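J.: Mind having a look at this structure? Questions to follow.
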Amino acid sequence: MQKVAFTYEIPEIAEKKLKEAGFELWINKEDRTLTHDEIIELAKNNDALITLLSDKIDKEVIDAGKGKLKVISNYAVGYNNIDVESAKEAGIFVTNTPGVLSDATADLAWALLFAVARKIVESDKFVREGNFVGWRPKLFLGYDIKGKTLGIIGMGRIGKEMAKRAKGFEMNVLYYKRNRLSEIEEKELGVKYASLEEIVKNSDYISLHTPLTDETYHLLDEKEFSMMKPNVIIINTARGPVINEKVLIKYLKERKIAGAGLDVYEEEPKIPQELLELDNVVLTPHTGSATFETRDKMAEMVADNVIAALKGEVPPNNVY
């Protein structure tokens, strides 16, 4: 009987599908990330691994799985935690869960944008602490959204969903992408292509939706921050290292930018104490895809990828 190991418990639909397909399952039921050595042992002894972004699947893990492991099914759209080239060389499939989390992640990006622009978290705390004694003309002044300029960095599935939502607020949407969209798609989405420099100079809101690659590491750094408007708000639901976190903290502390909404962090799950102490930033715990419907769909895709691979087929979401 072929064996499938889960490095962490995910929605039950995956377990159900894999059991029905006749596989033997091992699931980490503890509320902790497995150690590197534990993952190596799982790679040695299982035909499939179901992993999370927090699992480091490097060459050592892949070498341990050679001859036994057939697929690494990542429970995420991203897969920068996996050494894909080593897996490809070893003949091990690497799969992800694209598409299904686009709406949920775009929704969270908008929620963060609203929360920062209108100071929702600060206001909530203010009320709960008993400080609200009546309406005041300058109490928690925020920023308008309608008619403002939104810069979207990365125009894949999630970036496009972000642009669609911006239409309802009559925003001027600029986007930056390595490969420009067609004129037809730009017109349908109501977006204008711009350079990264144009976006950081002209945007009132900047939302990041790019994968983490060598090219996008610290895409927003000192040079880019120095060109931004003082009232700009930055939203990141992509990957933490796309922003130089130290520079972001400096600009937030010195009030050289208005605020930020972050769902991801440079050394996740570690978050700098300075960031935690700032009141012009809203922080969420990497919950971009965290809706019941989306996480169930992701679990189903993970199982389908494993089933296909263990049948000797190319999985539907193989990344190479």
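Lettering and numbering for the structure tokens are positional, with chains as A, B, ... in the shown order, residues counted from 1 in each chain, and ligands counted from 1 in the shown order.
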Residues of segment 16-224 of chain A classed as strand (DSSP E) by DSSP on the backbone are to be reported as a VMD selection string.

T.: chain A and resid 24 to 27 48 to 51 71 to 74 93 to 95 149 to 153 172 to 176 191 to 193 205 to 208

J.: What lies within 10 Å of segment 1-12 of chain A using only C-alpha atoms, ignoring chain neighbours under 6 positions off, as a VMD selection string?

T.: chain A and resid 18 to 19 22 to 35 38 to 39 42 to 43 45 to 52 54 to 55 68 to 69 71 to 73 75 292 295 to 300 302 to 303 306 to 307 310

J.: Now that the selection is made, can you save its residues with C-alpha atoms as a CSV table (one decimal), in the first residue's frame?

T.:
```
chain,number,residue,atom,x,y,z
A,18,LEU,CA,-6.9,9.8,0.0
A,19,LYS,CA,-8.4,7.1,2.2
A,22,GLY,CA,-6.7,3.3,-0.8
A,23,PHE,CA,-3.6,5.0,0.6
A,24,GLU,CA,-2.1,4.6,4.0
A,25,LEU,CA,-2.0,8.0,5.8
A,26,TRP,CA,0.2,9.5,8.5
A,27,ILE,CA,-0.8,12.9,9.8
A,28,ASN,CA,1.0,15.2,12.2
A,29,LYS,CA,-1.7,15.9,14.7
A,30,GLU,CA,0.5,18.1,16.9
A,31,ASP,CA,0.2,21.8,16.7
A,32,ARG,CA,3.8,22.3,15.7
A,33,THR,CA,6.0,22.5,12.6
A,34,LEU,CA,8.0,19.3,12.2
A,35,THR,CA,11.8,19.5,12.5
A,38,GLU,CA,11.5,14.5,11.0
A,39,ILE,CA,10.7,15.6,7.4
A,42,LEU,CA,9.0,11.1,6.2
A,43,ALA,CA,10.6,11.6,2.8
A,45,ASN,CA,9.5,6.3,4.1
A,46,ASN,CA,6.5,7.7,2.1
A,47,ASP,CA,5.4,7.9,-1.5
A,48,ALA,CA,3.9,11.4,-1.1
A,49,LEU,CA,4.4,14.3,1.2
A,50,ILE,CA,1.8,17.0,1.8
A,51,THR,CA,3.6,20.1,3.0
A,52,LEU,CA,3.1,23.7,4.1
A,54,SER,CA,6.6,26.7,6.6
A,55,ASP,CA,8.3,23.3,5.8
A,68,LYS,CA,10.6,6.2,-2.9
A,69,LEU,CA,9.0,9.7,-2.9
A,71,VAL,CA,5.3,13.8,-5.2
A,72,ILE,CA,5.6,16.8,-2.8
A,73,SER,CA,2.1,18.4,-2.7
A,75,TYR,CA,-0.8,23.2,0.5
A,292,PHE,CA,-13.6,27.8,5.1
A,295,ARG,CA,-9.1,26.1,2.5
A,296,ASP,CA,-11.4,23.1,1.7
A,297,LYS,CA,-10.8,23.7,-2.1
A,298,MET,CA,-7.1,23.8,-1.5
A,299,ALA,CA,-7.2,20.5,0.5
A,300,GLU,CA,-9.1,18.9,-2.3
A,302,VAL,CA,-3.7,18.7,-2.7
A,303,ALA,CA,-5.4,15.3,-2.6
A,306,VAL,CA,-1.3,13.2,-4.9
A,307,ILE,CA,-3.8,10.7,-6.3
A,310,LEU,CA,0.7,7.9,-7.3
```

J.: What's the 10 Å shell around Phe114 of chain A, counting only C-alpha atoms, without same-chain residues fewer than 2 positions away, as a list in words?

T.: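 My list of contacting residues is Leu108, Ala109, Trp110, Ala111, Leu112, Val116, Ala117, Arg118, Lys119, Ile120, Gly142, Tyr143, Asp144, Ile145 and Gly261 of chain A.
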
J.: When you look at Glu198 of chain A with a cut-off of 12 Å (counting only C-alpha atoms), what residues show up, excluding the ones that are within fewer than 6 positions of it in the same chain? I need them as a JSON list (two decimals) with all heavy atoms, in the first residue's frame.

T.:
```
[["chain", "number", "residue", "atom", "x", "y", "z"],
["A", 149, "THR", "N", -5.30, 56.64, -6.40],
["A", 149, "THR", "CA", -4.47, 55.81, -7.27],
["A", 149, "THR", "C", -3.97, 54.59, -6.53],
["A", 149, "THR", "O", -3.34, 54.70, -5.46],
["A", 149, "THR", "CB", -3.27, 56.61, -7.82],
["A", 149, "THR", "OG1", -3.76, 57.68, -8.64],
["A", 149, "THR", "CG2", -2.36, 55.72, -8.67],
["A", 150, "LEU", "N", -4.29, 53.42, -7.10],
["A", 150, "LEU", "CA", -3.84, 52.14, -6.54],
["A", 150, "LEU", "C", -2.76, 51.57, -7.46],
["A", 150, "LEU", "O", -2.98, 51.39, -8.65],
["A", 150, "LEU", "CB", -5.01, 51.16, -6.46],
["A", 150, "LEU", "CG", -4.66, 49.69, -6.14],
["A", 150, "LEU", "CD1", -4.07, 49.57, -4.74],
["A", 150, "LEU", "CD2", -5.90, 48.80, -6.29],
["A", 151, "GLY", "N", -1.61, 51.29, -6.90],
["A", 151, "GLY", "CA", -0.53, 50.64, -7.64],
["A", 151, "GLY", "C", -0.47, 49.17, -7.28],
["A", 151, "GLY", "O", -0.30, 48.82, -6.11],
["A", 152, "ILE", "N", -0.64, 48.31, -8.27],
["A", 152, "ILE", "CA", -0.59, 46.86, -8.03],
["A", 152, "ILE", "C", 0.72, 46.33, -8.60],
["A", 152, "ILE", "O", 1.00, 46.47, -9.79],
["A", 152, "ILE", "CB", -1.78, 46.15, -8.71],
["A", 152, "ILE", "CG1", -3.10, 46.66, -8.12],
["A", 152, "ILE", "CG2", -1.67, 44.64, -8.54],
["A", 152, "ILE", "CD1", -4.34, 46.07, -8.79],
["A", 153, "ILE", "N", 1.51, 45.74, -7.74],
["A", 153, "ILE", "CA", 2.79, 45.16, -8.16],
["A", 153, "ILE", "C", 2.61, 43.65, -8.24],
["A", 153, "ILE", "O", 2.45, 42.97, -7.22],
["A", 153, "ILE", "CB", 3.91, 45.54, -7.18],
["A", 153, "ILE", "CG1", 4.07, 47.07, -7.15],
["A", 153, "ILE", "CG2", 5.22, 44.87, -7.57],
["A", 153, "ILE", "CD1", 5.06, 47.57, -6.12],
["A", 173, "VAL", "N", -5.98, 52.75, -11.51],
["A", 173, "VAL", "CA", -5.16, 51.57, -11.20],
["A", 173, "VAL", "C", -3.96, 51.48, -12.13],
["A", 173, "VAL", "O", -4.09, 51.36, -13.35],
["A", 173, "VAL", "CB", -5.98, 50.27, -11.28],
["A", 173, "VAL", "CG1", -5.10, 49.07, -10.92],
["A", 173, "VAL", "CG2", -7.19, 50.34, -10.35],
["A", 174, "LEU", "N", -2.78, 51.54, -11.54],
["A", 174, "LEU", "CA", -1.53, 51.32, -12.24],
["A", 174, "LEU", "C", -1.03, 49.93, -11.88],
["A", 174, "LEU", "O", -1.26, 49.46, -10.76],
["A", 174, "LEU", "CB", -0.47, 52.34, -11.83],
["A", 174, "LEU", "CG", -0.84, 53.82, -11.95],
["A", 174, "LEU", "CD1", 0.29, 54.69, -11.41],
["A", 174, "LEU", "CD2", -1.16, 54.19, -13.39],
["A", 175, "TYR", "N", -0.36, 49.27, -12.80],
["A", 175, "TYR", "CA", 0.19, 47.95, -12.45],
["A", 175, "TYR", "C", 1.57, 47.78, -13.04],
["A", 175, "TYR", "O", 1.93, 48.34, -14.06],
["A", 175, "TYR", "CB", -0.74, 46.83, -12.92],
["A", 175, "TYR", "CG", -0.60, 46.46, -14.39],
["A", 175, "TYR", "CD1", 0.22, 45.40, -14.78],
["A", 175, "TYR", "CD2", -1.28, 47.17, -15.37],
["A", 175, "TYR", "CE1", 0.36, 45.07, -16.13],
["A", 175, "TYR", "CE2", -1.15, 46.84, -16.71],
["A", 175, "TYR", "CZ", -0.33, 45.78, -17.09],
["A", 175, "TYR", "OH", -0.19, 45.45, -18.41],
["A", 176, "TYR", "N", 2.37, 46.97, -12.33],
["A", 176, "TYR", "CA", 3.72, 46.63, -12.80],
["A", 176, "TYR", "C", 3.81, 45.12, -12.84],
["A", 176, "TYR", "O", 3.45, 44.42, -11.89],
["A", 176, "TYR", "CB", 4.77, 47.20, -11.85],
["A", 176, "TYR", "CG", 6.17, 46.71, -12.15],
["A", 176, "TYR", "CD1", 6.86, 47.18, -13.27],
["A", 176, "TYR", "CD2", 6.78, 45.79, -11.32],
["A", 176, "TYR", "CE1", 8.15, 46.73, -13.54],
["A", 176, "TYR", "CE2", 8.06, 45.33, -11.59],
["A", 176, "TYR", "CZ", 8.74, 45.79, -12.70],
["A", 176, "TYR", "OH", 10.00, 45.34, -12.98],
["A", 192, "LYS", "N", -3.65, 50.52, -16.09],
["A", 192, "LYS", "CA", -2.62, 51.11, -16.94],
["A", 192, "LYS", "C", -1.26, 50.57, -16.54],
["A", 192, "LYS", "O", -0.93, 50.53, -15.35],
["A", 192, "LYS", "CB", -2.62, 52.64, -16.79],
["A", 192, "LYS", "CG", -3.92, 53.32, -17.20],
["A", 192, "LYS", "CD", -3.86, 54.81, -16.87],
["A", 192, "LYS", "CE", -5.20, 55.48, -17.14],
["A", 192, "LYS", "NZ", -5.19, 56.91, -16.71],
["A", 204, "ASP", "N", -1.30, 56.21, -4.18],
["A", 204, "ASP", "CA", -1.77, 56.48, -2.82],
["A", 204, "ASP", "C", -1.81, 55.18, -2.02],
["A", 204, "ASP", "O", -1.68, 55.18, -0.80],
["A", 204, "ASP", "CB", -3.17, 57.09, -2.87],
["A", 204, "ASP", "CG", -3.20, 58.39, -3.65],
["A", 204, "ASP", "OD1", -2.52, 59.35, -3.23],
["A", 204, "ASP", "OD2", -3.87, 58.44, -4.70],
["A", 206, "ILE", "N", -0.36, 51.00, -2.43],
["A", 206, "ILE", "CA", 0.44, 50.03, -3.17],
["A", 206, "ILE", "C", 0.14, 48.65, -2.61],
["A", 206, "ILE", "O", 0.25, 48.43, -1.41],
["A", 206, "ILE", "CB", 1.95, 50.33, -3.04],
["A", 206, "ILE", "CG1", 2.29, 51.68, -3.66],
["A", 206, "ILE", "CG2", 2.78, 49.21, -3.69],
["A", 206, "ILE", "CD1", 3.72, 52.13, -3.42],
["A", 224, "GLU", "N", 13.13, 52.79, -3.42],
["A", 224, "GLU", "CA", 11.71, 52.87, -3.73],
["A", 224, "GLU", "C", 10.95, 53.65, -2.66],
["A", 224, "GLU", "O", 10.09, 54.48, -2.96],
["A", 224, "GLU", "CB", 11.12, 51.46, -3.89],
["A", 224, "GLU", "CG", 11.54, 50.73, -5.15],
["A", 224, "GLU", "CD", 13.00, 50.29, -5.14],
["A", 224, "GLU", "OE1", 13.51, 49.95, -4.04],
["A", 224, "GLU", "OE2", 13.63, 50.29, -6.21],
["A", 227, "MET", "N", 11.01, 57.48, -2.76],
["A", 227, "MET", "CA", 10.23, 58.15, -3.80],
["A", 227, "MET", "C", 8.74, 58.20, -3.50],
["A", 227, "MET", "O", 7.97, 58.82, -4.24],
["A", 227, "MET", "CB", 10.45, 57.45, -5.15],
["A", 227, "MET", "CG", 11.88, 57.56, -5.67],
["A", 227, "MET", "SD", 12.06, 56.89, -7.36],
["A", 227, "MET", "CE", 12.04, 55.13, -7.02],
["A", 228, "MET", "N", 8.30, 57.55, -2.45],
["A", 228, "MET", "CA", 6.87, 57.43, -2.17],
["A", 228, "MET", "C", 6.26, 58.70, -1.59],
["A", 228, "MET", "O", 6.94, 59.50, -0.95],
["A", 228, "MET", "CB", 6.61, 56.27, -1.20],
["A", 228, "MET", "CG", 6.91, 54.90, -1.78],
["A", 228, "MET", "SD", 6.63, 53.59, -0.56],
["A", 228, "MET", "CE", 7.28, 52.16, -1.44],
["A", 229, "LYS", "N", 4.96, 58.86, -1.79],
["A", 229, "LYS", "CA", 4.21, 59.95, -1.18],
["A", 229, "LYS", "C", 4.17, 59.74, 0.34],
["A", 229, "LYS", "O", 4.13, 58.60, 0.82],
["A", 229, "LYS", "CB", 2.77, 59.95, -1.69],
["A", 229, "LYS", "CG", 2.59, 60.28, -3.15],
["A", 229, "LYS", "CD", 1.09, 60.24, -3.49],
["A", 229, "LYS", "CE", 0.79, 60.59, -4.91],
["A", 229, "LYS", "NZ", -0.67, 60.59, -5.19]]
```

J.: Which residues come within 10 Å of segment 273-278 of chain A, counting only C-alpha atoms, excluding same-chain residues fewer than 5 positions away, as a compact mmCIF listing (two decimals) with all heavy atoms, in the first residue's frame?

T.:
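In the end it all went to part28.txt:
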```
# COMPACT_ATOMS: atom_id res chain seq x y z
N GLU A 245 12.09 44.76 5.19
CA GLU A 245 11.31 45.04 6.40
C GLU A 245 11.94 46.12 7.27
O GLU A 245 11.24 46.94 7.88
CB GLU A 245 11.13 43.74 7.19
CG GLU A 245 9.95 43.74 8.12
CD GLU A 245 9.61 42.32 8.56
OE1 GLU A 245 10.40 41.73 9.34
OE2 GLU A 245 8.58 41.80 8.13
N LYS A 246 13.27 46.14 7.35
CA LYS A 246 13.95 47.14 8.17
C LYS A 246 13.69 48.54 7.63
O LYS A 246 13.47 49.49 8.39
CB LYS A 246 15.45 46.86 8.21
CG LYS A 246 15.81 45.63 9.03
CD LYS A 246 17.31 45.41 9.07
CE LYS A 246 17.65 44.17 9.90
NZ LYS A 246 19.11 43.90 9.90
N LEU A 248 11.09 49.42 5.73
CA LEU A 248 9.67 49.67 5.97
C LEU A 248 9.44 50.19 7.38
O LEU A 248 8.73 51.19 7.59
CB LEU A 248 8.85 48.39 5.75
CG LEU A 248 7.38 48.44 6.16
CD1 LEU A 248 6.60 49.42 5.29
CD2 LEU A 248 6.75 47.05 6.09
N ILE A 249 10.03 49.53 8.35
CA ILE A 249 9.86 49.95 9.76
C ILE A 249 10.38 51.37 9.97
O ILE A 249 9.74 52.19 10.63
CB ILE A 249 10.59 48.95 10.70
CG1 ILE A 249 9.85 47.61 10.71
CG2 ILE A 249 10.68 49.51 12.12
CD1 ILE A 249 10.61 46.49 11.39
N LYS A 250 11.52 51.68 9.37
CA LYS A 250 12.09 53.03 9.50
C LYS A 250 11.14 54.09 8.96
O LYS A 250 10.88 55.11 9.63
CB LYS A 250 13.43 53.11 8.76
CG LYS A 250 14.11 54.46 8.89
CD LYS A 250 15.41 54.53 8.11
CE LYS A 250 15.16 54.82 6.65
NZ LYS A 250 16.41 55.13 5.90
N LEU A 252 7.89 53.82 8.52
CA LEU A 252 6.67 53.86 9.33
C LEU A 252 6.92 54.63 10.64
O LEU A 252 6.10 55.44 11.06
CB LEU A 252 6.20 52.44 9.64
CG LEU A 252 5.55 51.66 8.49
CD1 LEU A 252 5.43 50.18 8.86
CD2 LEU A 252 4.18 52.23 8.15
N LYS A 253 8.05 54.35 11.28
CA LYS A 253 8.38 55.01 12.55
C LYS A 253 8.55 56.51 12.37
O LYS A 253 8.12 57.31 13.20
CB LYS A 253 9.68 54.41 13.12
CG LYS A 253 9.50 53.04 13.76
CD LYS A 253 10.81 52.50 14.29
CE LYS A 253 11.27 53.23 15.53
NZ LYS A 253 12.49 52.60 16.13
N GLY A 259 1.11 54.34 6.34
CA GLY A 259 0.83 53.10 7.05
C GLY A 259 1.05 51.88 6.19
O GLY A 259 1.42 51.96 5.01
N LEU A 283 -1.52 44.11 11.34
CA LEU A 283 -0.82 42.84 11.15
C LEU A 283 -1.80 41.67 11.24
O LEU A 283 -2.59 41.58 12.17
CB LEU A 283 0.26 42.67 12.21
CG LEU A 283 1.22 43.86 12.42
CD1 LEU A 283 2.11 43.61 13.62
CD2 LEU A 283 2.06 44.08 11.16
```

J.: Counting only C-alpha atoms, which residue out of A:Ala115, A:Leu141, A:Val319, A:Leu219 sits closest to Ile82 of chain A?

T.: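 Among the listed residues, the smallest separation from Ile82 of chain A belongs to A:Val319.
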
J.: Grab the atom CA of Glu293 of chain A to atom CA of Arg157 of chain A distance for me, in Å with one decimal place.

T.: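 So the answer is 17.7 Å.
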
J.: If you run DSSP on the backbone here, which positions in segment 215-257 of chain A get alpha helix (DSSP H)? Please write them as a list in words.

T.: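 Reading the DSSP output for segment 215-257 of chain A, alpha helix (DSSP H) covers Glu222, Lys223, Glu224, Phe225, Ser226, Glu245, Lys246, Val247, Leu248, Ile249, Lys250, Tyr251, Leu252 and Lys253 of chain A.
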
J.: Hey, can you check how far atom CA of Asp103 of chain A sits from atom CA of Ile199 of chain A?

T.: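 Distance between the two atoms: 23.3 Å.
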
J.: Atom CA of Lys256 of chain A to atom CA of Ile234 of chain A: how many Å, to one decimal?

T.: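 Distance reported for this atom pair: 12.2 Å.
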
J.: Under the rule that only C-alpha atoms are counted, which of A:Pro230, A:Pro272, A:Gly130, A:Gly288 is the nearest residue to Val100 of chain A?

T.: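 Using only C-alpha atoms, the shortest distance to Val100 of chain A belongs to A:Gly288.
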